[in-house]
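Novice: Sharing protein00.txt below, compact mmCIF, C-alpha atoms:
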```txt
# COMPACT_ATOMS: atom_id res chain seq x y z
CA MET N 73 26.71 -5.76 0.39
CA ARG N 74 27.92 -2.52 -1.20
CA ILE N 75 26.98 -1.51 -4.73
CA ALA N 76 30.37 -2.69 -6.10
CA GLU N 77 29.74 -6.21 -4.84
CA LEU N 78 26.15 -6.14 -6.10
CA SER N 79 27.57 -5.19 -9.51
CA ARG N 80 30.15 -7.95 -9.43
CA ARG N 81 27.68 -10.65 -8.34
CA SER N 82 24.95 -9.59 -10.78
CA ASP N 83 27.32 -8.79 -13.67
CA VAL N 84 25.46 -5.49 -14.08
CA PRO N 85 27.69 -2.35 -14.28
CA VAL N 86 27.41 0.13 -11.35
CA PRO N 87 26.12 3.00 -13.58
CA THR N 88 23.34 0.71 -14.85
CA ILE N 89 22.41 -0.23 -11.27
CA LYS N 90 22.29 3.49 -10.37
CA TYR N 91 20.06 4.09 -13.40
CA TYR N 92 17.66 1.34 -12.26
CA LEU N 93 17.64 2.90 -8.74
CA ARG N 94 16.77 6.32 -10.20
CA GLU N 95 14.02 4.85 -12.41
CA GLY N 96 12.53 3.00 -9.44
CA LEU N 97 13.10 -0.43 -10.99
CA LEU N 98 15.27 -1.40 -8.03
CA PRO N 99 14.26 -0.44 -4.46
CA PRO N 100 16.80 1.72 -2.59
CA GLY N 101 19.37 0.03 -0.38
CA GLU N 102 19.59 0.58 3.36
CA LEU N 103 21.59 3.74 4.12
CA THR N 104 24.66 2.89 6.24
CA SER N 105 26.19 6.37 6.11
CA ARG N 106 25.43 9.70 4.46
CA ASN N 107 26.48 8.50 0.99
CA GLN N 108 26.68 4.73 1.24
CA ALA N 109 23.95 2.12 1.05
CA SER N 110 23.83 -1.60 1.67
CA TYR N 111 22.07 -4.07 -0.64
CA GLY N 112 20.75 -7.54 0.06
CA GLU N 113 19.92 -10.82 -1.71
CA GLN N 114 16.53 -9.42 -2.77
CA HIS N 115 18.35 -6.71 -4.77
CA LEU N 116 20.45 -9.34 -6.51
CA ARG N 117 17.32 -11.33 -7.31
CA ARG N 118 15.50 -8.27 -8.62
CA LEU N 119 18.49 -7.34 -10.81
CA ARG N 120 18.45 -10.82 -12.35
CA LEU N 121 14.76 -10.44 -13.12
CA ILE N 122 15.28 -6.99 -14.69
CA ARG N 123 18.11 -8.26 -16.91
CA ALA N 124 16.06 -11.28 -17.99
CA LEU N 125 13.12 -9.05 -18.95
CA ILE N 126 15.33 -6.59 -20.86
CA ASP N 127 18.00 -8.81 -22.41
CA LEU N 128 16.12 -12.03 -23.04
CA ALA N 129 12.46 -11.03 -23.41
CA HIS N 130 13.30 -7.60 -24.95
CA VAL N 131 10.81 -5.74 -22.77
CA PRO N 132 11.52 -1.96 -22.94
CA VAL N 133 12.61 -0.29 -19.65
CA ALA N 134 9.27 1.54 -19.30
CA GLY N 135 7.48 -1.80 -19.65
CA VAL N 136 9.74 -3.40 -17.02
CA LYS N 137 8.67 -0.70 -14.55
CA VAL N 138 4.98 -1.47 -15.21
CA VAL N 139 5.63 -5.21 -14.84
CA LEU N 140 7.50 -4.78 -11.54
CA ASP N 141 4.83 -2.40 -10.18
CA ALA N 142 2.20 -5.05 -10.91
CA LEU N 143 4.35 -7.71 -9.26
CA ASP N 144 4.92 -5.60 -6.13
CA SER N 145 1.30 -4.51 -5.74
CA ASP N 146 -0.43 -5.72 -2.58
CA SER N 147 -3.85 -4.46 -3.63
CA MET N 148 -4.26 -5.82 -7.18
CA SER N 149 -5.94 -9.16 -7.82
CA LEU N 150 -3.85 -11.75 -9.66
CA HIS N 151 -6.11 -11.25 -12.69
CA ASP N 152 -5.41 -7.51 -12.71
CA GLN N 153 -1.67 -8.09 -12.22
CA LEU N 154 -1.72 -10.36 -15.26
CA GLY N 155 -3.71 -7.77 -17.25
CA GLN N 156 -1.18 -5.06 -16.44
CA VAL N 157 1.68 -7.32 -17.53
CA HIS N 158 -0.12 -8.16 -20.77
CA ARG N 159 -0.61 -4.48 -21.56
CA ALA N 160 3.06 -3.76 -20.76
CA VAL N 161 4.33 -6.38 -23.19
CA THR N 162 1.73 -5.89 -25.97
CA PRO N 163 2.07 -2.56 -27.75
CA ARG N 164 -0.98 -1.42 -29.77
CA PRO N 165 -0.16 -2.68 -33.27
CA GLN N 166 0.61 -0.23 -36.04
CA LEU N 167 -2.06 -0.58 -38.72
CA THR N 168 -0.56 -1.79 -41.99
CA ALA N 169 -3.30 -3.96 -43.55
CA ASN N 170 -6.00 -2.88 -46.01
CA ASP N 171 -9.22 -1.72 -44.37
CA ALA N 172 -11.26 -4.41 -46.13
CA ASP N 173 -8.91 -7.13 -44.89
CA ARG N 174 -9.14 -5.71 -41.35
CA VAL N 175 -12.94 -5.87 -41.41
CA ALA N 176 -12.79 -9.52 -42.49
CA ALA N 177 -10.07 -10.26 -39.92
CA GLU N 178 -12.03 -8.66 -37.09
CA ALA N 179 -15.08 -10.79 -37.92
CA GLN N 180 -12.89 -13.92 -37.95
CA VAL N 181 -11.26 -13.10 -34.60
CA ARG N 182 -14.54 -12.14 -32.87
CA LYS N 183 -16.07 -15.42 -34.07
CA LEU N 184 -13.06 -17.34 -32.76
CA VAL N 185 -13.39 -15.75 -29.31
CA ASP N 186 -17.14 -16.50 -29.30
CA ASP N 187 -16.75 -20.07 -30.51
CA ARG N 188 -14.15 -20.84 -27.86
CA GLY N 189 -16.10 -19.01 -25.17
CA TRP N 190 -13.04 -17.04 -24.16
CA LEU N 191 -13.68 -14.54 -21.36
CA VAL N 192 -11.51 -11.69 -22.62
CA GLU N 193 -11.88 -7.91 -22.72
CA PRO N 194 -13.15 -6.96 -26.21
CA ASP N 195 -10.49 -4.22 -26.40
CA ALA N 196 -7.57 -6.26 -24.99
CA PRO N 197 -4.34 -5.28 -26.79
CA ALA N 198 -3.82 -8.93 -27.78
CA ILE N 199 -7.17 -8.84 -29.65
CA ALA N 200 -6.00 -5.79 -31.62
CA THR N 201 -2.68 -7.50 -32.39
CA LEU N 202 -4.43 -10.71 -33.44
CA ILE N 203 -6.84 -8.83 -35.73
CA GLU N 204 -4.04 -6.85 -37.36
CA THR N 205 -1.90 -9.98 -37.85
CA VAL N 206 -4.75 -11.88 -39.50
CA ALA N 207 -5.54 -8.78 -41.61
CA VAL N 208 -1.92 -8.42 -42.74
CA LEU N 209 -1.73 -12.11 -43.66
CA ARG N 210 -4.83 -11.59 -45.80
CA SER N 211 -3.30 -8.45 -47.38
CA LEU N 212 -0.19 -10.48 -48.22
CA ASP N 213 -2.26 -13.21 -49.93
CA GLN N 214 -1.60 -15.61 -47.07
CA ALA N 215 -5.19 -16.02 -45.87
CA ARG N 216 -4.81 -19.78 -46.06
CA LEU N 217 -2.28 -19.62 -43.21
CA VAL N 218 -5.09 -18.54 -40.90
CA GLU N 219 -7.90 -20.57 -42.45
CA HIS N 220 -7.78 -22.89 -39.44
CA LEU N 221 -7.28 -20.29 -36.74
CA ASP N 222 -9.42 -22.37 -34.42
CA ALA N 223 -6.99 -25.30 -34.58
CA TYR N 224 -4.12 -22.99 -33.63
CA ALA N 225 -6.18 -21.60 -30.77
CA GLU N 226 -6.85 -25.13 -29.54
CA ALA N 227 -3.13 -26.00 -29.61
CA VAL N 228 -2.39 -22.76 -27.75
CA GLU N 229 -4.94 -23.60 -25.07
CA ARG N 230 -3.00 -26.79 -24.38
CA PHE N 231 0.09 -24.75 -23.54
CA THR N 232 -1.79 -22.42 -21.36
CA GLU N 233 -3.20 -25.34 -19.39
CA LEU N 234 0.33 -26.70 -18.91
CA GLU N 235 1.55 -23.27 -17.85
CA VAL N 236 -1.27 -22.76 -15.37
CA ALA N 237 -0.78 -26.25 -13.95
CA ALA N 238 2.88 -25.42 -13.27
CA VAL N 239 1.95 -22.20 -11.47
CA VAL N 240 -0.93 -23.21 -9.23
CA THR N 241 1.15 -25.78 -7.33
CA ARG N 242 2.50 -22.83 -5.33
CA THR N 243 0.58 -21.63 -2.30
CA ASP N 244 2.10 -18.30 -1.29
CA PRO N 245 0.21 -15.54 -3.20
CA HIS N 246 3.36 -13.52 -3.89
CA GLN N 247 5.13 -16.60 -5.23
CA ILE N 248 2.16 -17.35 -7.47
CA ALA N 249 2.18 -13.78 -8.78
CA GLU N 250 5.91 -14.02 -9.43
CA SER N 251 5.51 -17.29 -11.34
CA VAL N 252 2.59 -15.89 -13.36
CA VAL N 253 4.47 -12.73 -14.30
CA ILE N 254 7.79 -14.40 -15.11
CA GLY N 255 6.09 -17.34 -16.81
CA THR N 256 3.96 -15.08 -19.01
CA ILE N 257 6.90 -13.07 -20.28
CA LEU N 258 9.72 -15.62 -20.47
CA GLY N 259 7.24 -18.29 -21.59
CA GLU N 260 6.86 -16.38 -24.84
CA THR N 261 10.62 -16.49 -25.45
CA LEU N 262 10.63 -20.18 -24.56
CA ILE N 263 7.77 -21.10 -26.88
CA ALA N 264 9.15 -19.02 -29.75
CA ALA N 265 12.48 -20.88 -29.48
CA LEU N 266 10.77 -24.29 -29.29
CA ARG N 267 8.68 -23.40 -32.36
CA LEU N 268 11.75 -22.50 -34.44
CA LEU N 269 13.39 -25.80 -33.49
CA ALA N 270 10.26 -27.79 -34.32
CA GLN N 271 10.13 -25.95 -37.68
CA GLU N 272 13.78 -26.67 -38.39
CA ASN N 273 13.15 -30.34 -37.69
CA VAL N 274 10.11 -30.52 -40.00
CA SER N 275 12.02 -28.60 -42.64
CA ALA N 276 15.01 -30.97 -42.44
CA ARG N 277 12.66 -33.93 -42.83
CA ARG N 278 10.10 -32.66 -45.33
CA LEU N 279 11.22 -29.50 -47.10
CA GLY N 280 14.47 -30.66 -48.64
CA GLY N 281 16.82 -30.68 -45.69
CA PRO N 282 20.20 -28.99 -45.45
CA THR N 283 22.31 -28.71 -48.59
CA THR N 284 25.53 -30.59 -47.87
CA MET S 128 2.73 4.36 -60.88
CA ARG S 129 4.93 7.19 -59.63
CA ILE S 130 6.47 7.19 -56.15
CA ALA S 131 3.79 9.60 -54.84
CA GLU S 132 1.03 7.16 -55.77
CA LEU S 133 3.02 4.23 -54.36
CA SER S 134 3.27 6.22 -51.12
CA ARG S 135 -0.45 7.01 -51.09
CA ARG S 136 -1.53 3.44 -51.81
CA SER S 137 0.92 1.86 -49.35
CA ASP S 138 0.53 4.53 -46.67
CA VAL S 139 4.34 4.66 -46.44
CA PRO S 140 5.87 8.18 -46.63
CA VAL S 141 7.99 8.96 -49.73
CA PRO S 142 11.23 9.51 -47.70
CA THR S 143 10.75 6.07 -46.11
CA ILE S 144 10.25 4.48 -49.54
CA LYS S 145 13.46 6.20 -50.73
CA TYR S 146 15.28 4.86 -47.68
CA TYR S 147 14.09 1.30 -48.46
CA LEU S 148 15.27 1.78 -52.09
CA ARG S 149 18.73 2.92 -50.90
CA GLU S 150 18.99 0.00 -48.44
CA GLY S 151 18.02 -2.47 -51.17
CA LEU S 152 14.86 -3.61 -49.36
CA LEU S 153 12.77 -2.49 -52.33
CA PRO S 154 13.96 -3.17 -55.92
CA PRO S 155 14.39 -0.05 -58.07
CA GLY S 156 11.49 1.09 -60.26
CA GLU S 157 11.67 1.24 -64.04
CA LEU S 158 13.30 4.49 -65.16
CA THR S 159 10.90 6.50 -67.32
CA SER S 160 13.10 9.60 -67.55
CA ARG S 161 16.42 10.78 -66.16
CA ASN S 162 15.02 11.34 -62.66
CA GLN S 163 11.67 9.60 -62.62
CA ALA S 164 10.86 5.95 -62.06
CA SER S 165 7.70 3.91 -62.36
CA TYR S 166 6.62 1.33 -59.77
CA GLY S 167 4.29 -1.65 -60.12
CA GLU S 168 2.02 -3.86 -58.03
CA GLN S 169 5.00 -5.96 -56.93
CA HIS S 170 6.48 -2.85 -55.27
CA LEU S 171 3.24 -2.25 -53.40
CA ARG S 172 3.18 -5.87 -52.30
CA ARG S 173 6.80 -5.75 -51.17
CA LEU S 174 6.18 -2.54 -49.21
CA ARG S 175 3.28 -4.21 -47.37
CA LEU S 176 5.56 -7.10 -46.47
CA ILE S 177 8.32 -4.77 -45.24
CA ARG S 178 5.86 -2.80 -43.06
CA ALA S 179 4.41 -6.00 -41.61
CA LEU S 180 7.87 -7.30 -40.71
CA ILE S 181 8.94 -4.00 -39.12
CA ASP S 182 5.72 -2.71 -37.53
CA LEU S 183 3.97 -5.91 -36.54
CA ALA S 184 6.73 -8.48 -36.08
CA HIS S 185 9.31 -5.89 -34.88
CA VAL S 186 12.10 -7.26 -37.09
CA PRO S 187 14.97 -4.71 -37.27
CA VAL S 188 15.67 -3.22 -40.73
CA ALA S 189 18.93 -5.17 -41.07
CA GLY S 190 17.01 -8.38 -40.35
CA VAL S 191 14.36 -7.47 -42.93
CA LYS S 192 17.10 -7.22 -45.58
CA VAL S 193 18.37 -10.70 -44.69
CA VAL S 194 14.82 -12.10 -44.77
CA LEU S 195 14.07 -10.56 -48.18
CA ASP S 196 17.39 -11.74 -49.60
CA ALA S 197 16.51 -15.28 -48.53
CA LEU S 198 13.06 -14.94 -50.05
CA ASP S 199 14.43 -13.63 -53.37
CA SER S 200 17.20 -16.20 -53.67
CA ASP S 201 16.91 -18.55 -56.64
CA SER S 202 19.78 -20.76 -55.55
CA MET S 203 19.00 -21.50 -51.88
CA SER S 204 17.03 -24.60 -50.88
CA LEU S 205 13.84 -23.98 -48.93
CA HIS S 206 15.57 -25.39 -45.84
CA ASP S 207 18.42 -22.89 -46.19
CA GLN S 208 15.98 -20.04 -46.78
CA LEU S 209 14.20 -20.98 -43.56
CA GLY S 210 17.53 -21.20 -41.71
CA GLN S 211 18.52 -17.72 -42.86
CA VAL S 212 15.17 -16.33 -41.73
CA HIS S 213 15.55 -18.04 -38.33
CA ARG S 214 18.98 -16.49 -37.84
CA ALA S 215 17.66 -13.06 -38.88
CA VAL S 216 14.88 -13.11 -36.30
CA THR S 217 16.76 -14.83 -33.47
CA PRO S 218 19.53 -12.71 -31.98
CA ARG S 219 22.15 -14.56 -29.93
CA PRO S 220 20.83 -14.22 -26.38
CA GLN S 221 22.67 -12.07 -23.87
CA LEU S 222 23.87 -14.29 -21.06
CA THR S 223 22.23 -13.38 -17.76
CA ALA S 224 21.83 -16.69 -15.90
CA ASN S 225 24.26 -18.26 -13.41
CA ASP S 226 26.83 -20.56 -14.99
CA ALA S 227 25.65 -23.53 -12.92
CA ASP S 228 22.07 -22.99 -14.04
CA ARG S 229 23.23 -22.77 -17.66
CA VAL S 230 25.06 -26.12 -17.39
CA ALA S 231 21.89 -27.75 -16.04
CA ALA S 232 19.73 -26.00 -18.66
CA GLU S 233 21.98 -27.11 -21.49
CA ALA S 234 21.76 -30.73 -20.36
CA GLN S 235 17.96 -30.44 -20.16
CA VAL S 236 17.66 -28.91 -23.64
CA ARG S 237 20.09 -31.37 -25.29
CA LYS S 238 18.13 -34.25 -23.75
CA LEU S 239 14.86 -32.78 -25.04
CA VAL S 240 16.23 -32.52 -28.58
CA ASP S 241 17.53 -36.12 -28.35
CA ASP S 242 14.32 -37.50 -26.87
CA ARG S 243 12.18 -35.90 -29.55
CA GLY S 244 14.63 -36.87 -32.31
CA TRP S 245 14.72 -33.32 -33.61
CA LEU S 246 17.05 -32.84 -36.59
CA VAL S 247 18.44 -29.42 -35.67
CA GLU S 248 21.87 -27.80 -35.89
CA PRO S 249 23.50 -28.11 -32.42
CA ASP S 250 24.48 -24.42 -32.61
CA ALA S 251 21.15 -23.09 -33.95
CA PRO S 252 20.42 -19.68 -32.40
CA ALA S 253 17.08 -21.01 -31.13
CA ILE S 254 18.99 -23.66 -29.12
CA ALA S 255 21.09 -20.94 -27.48
CA THR S 256 17.95 -18.90 -26.72
CA LEU S 257 16.15 -21.94 -25.32
CA ILE S 258 19.11 -22.87 -23.09
CA GLU S 259 19.44 -19.30 -21.77
CA THR S 260 15.70 -19.02 -21.11
CA VAL S 261 15.60 -22.30 -19.18
CA ALA S 262 18.77 -21.23 -17.32
CA VAL S 263 17.28 -17.85 -16.38
CA LEU S 264 14.06 -19.48 -15.17
CA ARG S 265 16.21 -21.69 -12.93
CA SER S 266 18.19 -18.66 -11.70
CA LEU S 267 14.89 -16.94 -10.84
CA ASP S 268 13.70 -19.97 -8.81
CA GLN S 269 11.15 -20.86 -11.49
CA ALA S 270 12.60 -24.24 -12.48
CA ARG S 271 9.19 -25.82 -12.00
CA LEU S 272 7.88 -23.81 -14.95
CA VAL S 273 10.15 -25.86 -17.21
CA GLU S 274 9.92 -29.16 -15.38
CA HIS S 275 7.72 -30.50 -18.18
CA LEU S 276 9.57 -28.98 -21.10
CA ASP S 277 8.77 -32.08 -23.13
CA ALA S 278 5.02 -31.46 -22.83
CA TYR S 279 5.49 -27.91 -24.11
CA ALA S 280 7.59 -29.20 -26.99
CA GLU S 281 4.85 -31.68 -27.87
CA ALA S 282 2.21 -28.94 -27.92
CA VAL S 283 4.51 -26.80 -30.09
CA GLU S 284 4.96 -29.67 -32.54
CA ARG S 285 1.19 -29.66 -33.06
CA PHE S 286 1.33 -26.04 -34.23
CA THR S 287 4.20 -26.66 -36.51
CA GLU S 288 2.31 -29.52 -38.14
CA LEU S 289 -0.68 -27.23 -38.67
CA GLU S 290 1.58 -24.52 -40.07
CA VAL S 291 3.35 -26.88 -42.46
CA ALA S 292 0.03 -28.37 -43.60
CA ALA S 293 -1.18 -24.85 -44.50
CA VAL S 294 1.97 -24.16 -46.52
CA VAL S 295 2.47 -27.34 -48.54
CA THR S 296 -0.91 -26.98 -50.31
CA ARG S 297 0.84 -24.50 -52.61
CA THR S 298 2.70 -25.80 -55.63
CA ASP S 299 4.75 -22.89 -57.00
CA PRO S 300 8.17 -22.96 -55.23
CA HIS S 301 8.33 -19.17 -54.86
CA GLN S 302 4.84 -19.12 -53.34
CA ILE S 303 5.83 -21.87 -50.92
CA ALA S 304 8.94 -19.91 -49.92
CA GLU S 305 6.85 -16.78 -49.42
CA SER S 306 4.37 -18.64 -47.23
CA VAL S 307 7.15 -20.25 -45.19
CA VAL S 308 8.93 -16.95 -44.62
CA ILE S 309 5.84 -14.89 -43.83
CA GLY S 310 4.27 -17.70 -41.80
CA THR S 311 7.42 -18.20 -39.71
CA ILE S 312 7.68 -14.54 -38.76
CA LEU S 313 4.06 -13.41 -38.49
CA GLY S 314 3.09 -16.79 -37.03
CA GLU S 315 5.09 -15.88 -33.94
CA THR S 316 3.08 -12.67 -33.50
CA LEU S 317 -0.13 -14.61 -34.07
CA ILE S 318 0.67 -17.35 -31.57
CA ALA S 319 1.88 -14.86 -28.94
CA ALA S 320 -1.43 -12.97 -29.20
CA LEU S 321 -3.49 -16.18 -29.03
CA ARG S 322 -1.52 -17.26 -25.97
CA LEU S 323 -2.20 -13.99 -24.11
CA LEU S 324 -5.93 -14.35 -24.85
CA ALA S 325 -5.99 -17.98 -23.71
CA GLN S 326 -4.19 -16.86 -20.53
CA GLU S 327 -6.64 -14.04 -19.92
CA ASN S 328 -9.50 -16.51 -20.29
CA VAL S 329 -8.00 -19.00 -17.83
CA SER S 330 -7.19 -16.18 -15.46
CA ALA S 331 -10.76 -14.84 -15.61
CA ARG S 332 -12.10 -18.32 -14.86
CA ARG S 333 -9.57 -19.65 -12.35
CA LEU S 334 -7.37 -16.95 -10.90
CA GLY S 335 -9.98 -14.66 -9.46
CA GLY S 336 -11.30 -12.84 -12.50
CA PRO S 337 -11.59 -9.11 -13.01
CA THR S 338 -12.32 -6.92 -10.02
CA THR S 339 -15.61 -5.18 -10.75
```
Kindly present the structure from the file in structure tokens form.
Specialist:
Amino acid sequence: MRIAELSRRSDVPVPTIKYYLREGLLPPGELTSRNQASYGEQHLRRLRLIRALIDLAHVPVAGVKVVLDALDSDSMSLHDQLGQVHRAVTPRPQLTANDADRVAAEAQVRKLVDDRGWLVEPDAPAIATLIETVAVLRSLDQARLVEHLDAYAEAVERFTELEVAAVVTRTDPHQIAESVVIGTILGETLIAALRLLAQENVSARRLGGPTT
Amino acid sequence: MRIAELSRRSDVPVPTIKYYLREGLLPPGELTSRNQASYGEQHLRRLRLIRALIDLAHVPVAGVKVVLDALDSDSMSLHDQLGQVHRAVTPRPQLTANDADRVAAEAQVRKLVDDRGWLVEPDAPAIATLIETVAVLRSLDQARLVEHLDAYAEAVERFTELEVAAVVTRTDPHQIAESVVIGTILGETLIAALRLLAQENVSARRLGGPTT
């Protein structure tokens, strides 16, 4: 199909498609004449993925490029693909907590990782984010919200098991990689939405309910 | 304290503090002369909260104002405060899925809410986000990732129970509101980081591990 049809079918404006082509987010079409190219179903599919990452998961364009490069890599292990995606979607946190609270938070997080026997890089960006979040909660006098960090971690592990179980039913390595990458990123949006609904439900039942 | 000391102790530049004052994010200080004001510990505390919301939870400034207004309200019920915070942190999703996938996703999400007996507004922004996320996963051939949406919802309910249990130990209504608001927003950052670490652990153990 020509770029106009690709635009119509994907609901992405032509200038945006051209921008994605220039940035290397979308592979070039097949040249059919000096200044015309033809695009296929894989372009449509890729455009849908790009829009989902940007519009729904709020991944910045530079991060989308890193995610797609990981997905398209033939030489990276699945573990390394996942690591690259994690780094792309987890910015180093800005430091806003008190130093003393950060020291206490780091000890709490390191102990959690040890206690659970998690095999994670000590300098993974998610560790830095977790430490800073716990530190900030302490700085805001909300230490009790993370008193039982281990119980949260246990509940989170249950998700992860469900997520992994849904992915490993596939057999084709590229399909597995695609499920891992998409599931990691959109899974966060999904879980965040489920959590707000579960909160609204508890609030309606226990915290006073809607004023009518 | 003067604004310079407030800046030093909060690590927020003076022009940024003045911007927050103009936008009404920070209440005015007490005037000590025609053009000098004095700030107290509550200003320092509020600045820490603002920085955490912006830098760590990535809430836009307009959303921060809505969150703080809810927190400061004397007339809203806790349920309404929570609802206002949810709306501030949950933008209406851009629609990127196929219409047919959205119809199927909506049916799946409505059934989930029914099956779990969740008391939630049918037009809650989190419902719209959940529907669009499920729809996009279907459009990207990842329907199997949400085949067991109910199991995810059940795992999420476990968090929410833990979160509520940590909050209701407080007795002062303003402290409860503060814990609910901060916990809702920073809890998302916390859970997202825990999830990435749990994923990295499972990946290291089951999906090949790091290449050495």
Novice: Measuring between all atoms listed in the file, which one of N:Glu260, N:Arg278, N:Leu209, N:Trp190 shows the shortest distance to Glu226 (chain N)?
Specialist: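 Checking each of N:Glu260, N:Arg278, N:Leu209, N:Trp190 against Glu226 (chain N), counting all atoms listed in the file, the winner is N:Trp190.
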Novice: Measuring atom to atom with only C-alpha atoms, identify which of N:Arg74, N:Lys183, N:Glu219, N:Leu258 is nearest to Val161 (chain N).
Specialist: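 For Val161 (chain N), the nearest of the given residues is N:Leu258.
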Novice: If we count all atoms listed in the file, which residues of chain S reach to within 6 Å of chain N? Please list them as JSON, numbers by chain.
Specialist: {"S": [182, 206, 221, 245, 246, 247, 253, 257, 272, 283, 284, 293, 317, 320, 322, 325, 328, 330, 336, 337]}
Novice: How would the residues just picked look written out with C-alpha atoms as a short mmCIF file (atom, residue, chain, number, x, y, z; two decimals), keeping the file's coordinate frame?
Specialist:
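Once written, part.cif looks like this:
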```cif
data_model
loop_
_atom_site.label_atom_id
_atom_site.label_comp_id
_atom_site.auth_asym_id
_atom_site.auth_seq_id
_atom_site.Cartn_x
_atom_site.Cartn_y
_atom_site.Cartn_z
CA ASP S 182 5.72 -2.71 -37.53
CA HIS S 206 15.57 -25.39 -45.84
CA GLN S 221 22.67 -12.07 -23.87
CA TRP S 245 14.72 -33.32 -33.61
CA LEU S 246 17.05 -32.84 -36.59
CA VAL S 247 18.44 -29.42 -35.67
CA ALA S 253 17.08 -21.01 -31.13
CA LEU S 257 16.15 -21.94 -25.32
CA LEU S 272 7.88 -23.81 -14.95
CA VAL S 283 4.51 -26.80 -30.09
CA GLU S 284 4.96 -29.67 -32.54
CA ALA S 293 -1.18 -24.85 -44.50
CA LEU S 317 -0.13 -14.61 -34.07
CA ALA S 320 -1.43 -12.97 -29.20
CA ARG S 322 -1.52 -17.26 -25.97
CA ALA S 325 -5.99 -17.98 -23.71
CA ASN S 328 -9.50 -16.51 -20.29
CA SER S 330 -7.19 -16.18 -15.46
CA GLY S 336 -11.30 -12.84 -12.50
CA PRO S 337 -11.59 -9.11 -13.01
#
```
Novice: With 6 Å of padding per side, what axis-aligned box (centre and edge lengths, Å, one decimal) covers all the listed atoms of region 200-209 of chain S? Give it as AutoDock Vina command-line options.
Specialist:
```
--center_x 16.8 --center_y -20.8 --center_z -50.1 --size_x 17.9 --size_y 21.2 --size_z 25.1
```
Novice: To one decimal place, how far is CA of His115 (chain N) from CA of Arg229 (chain S) in Å?
Specialist: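 These atoms are spaced 21.2 Å apart.
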Novice: Would you mind telling me which residue in N:Pro245, N:Pro132, N:Pro99, N:Pro87 lies nearest to Leu116 (chain N) when using all atoms listed in the file?
Specialist: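 Ranked by minimum distance to Leu116 (chain N), first place goes to N:Pro99.
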Novice: So, with only C-alpha atoms as the atoms that count, which of N:Val175, N:Tyr91, N:Ala142, N:Gly112 lies closest to Val157 (chain N)?
Specialist: N:Ala142
Novice: Between CA of Asp171 (chain N) and CA of Asp195 (chain N), what is the spacing in Å?
Specialist: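 Between these atoms lies a distance of 18.2 Å.
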Novice: Tell me which of S:Ala164, S:Ala227, S:Leu133, S:Leu152 sits closest to Gly190 (chain S), counting only C-alpha atoms.
Specialist: S:Leu152
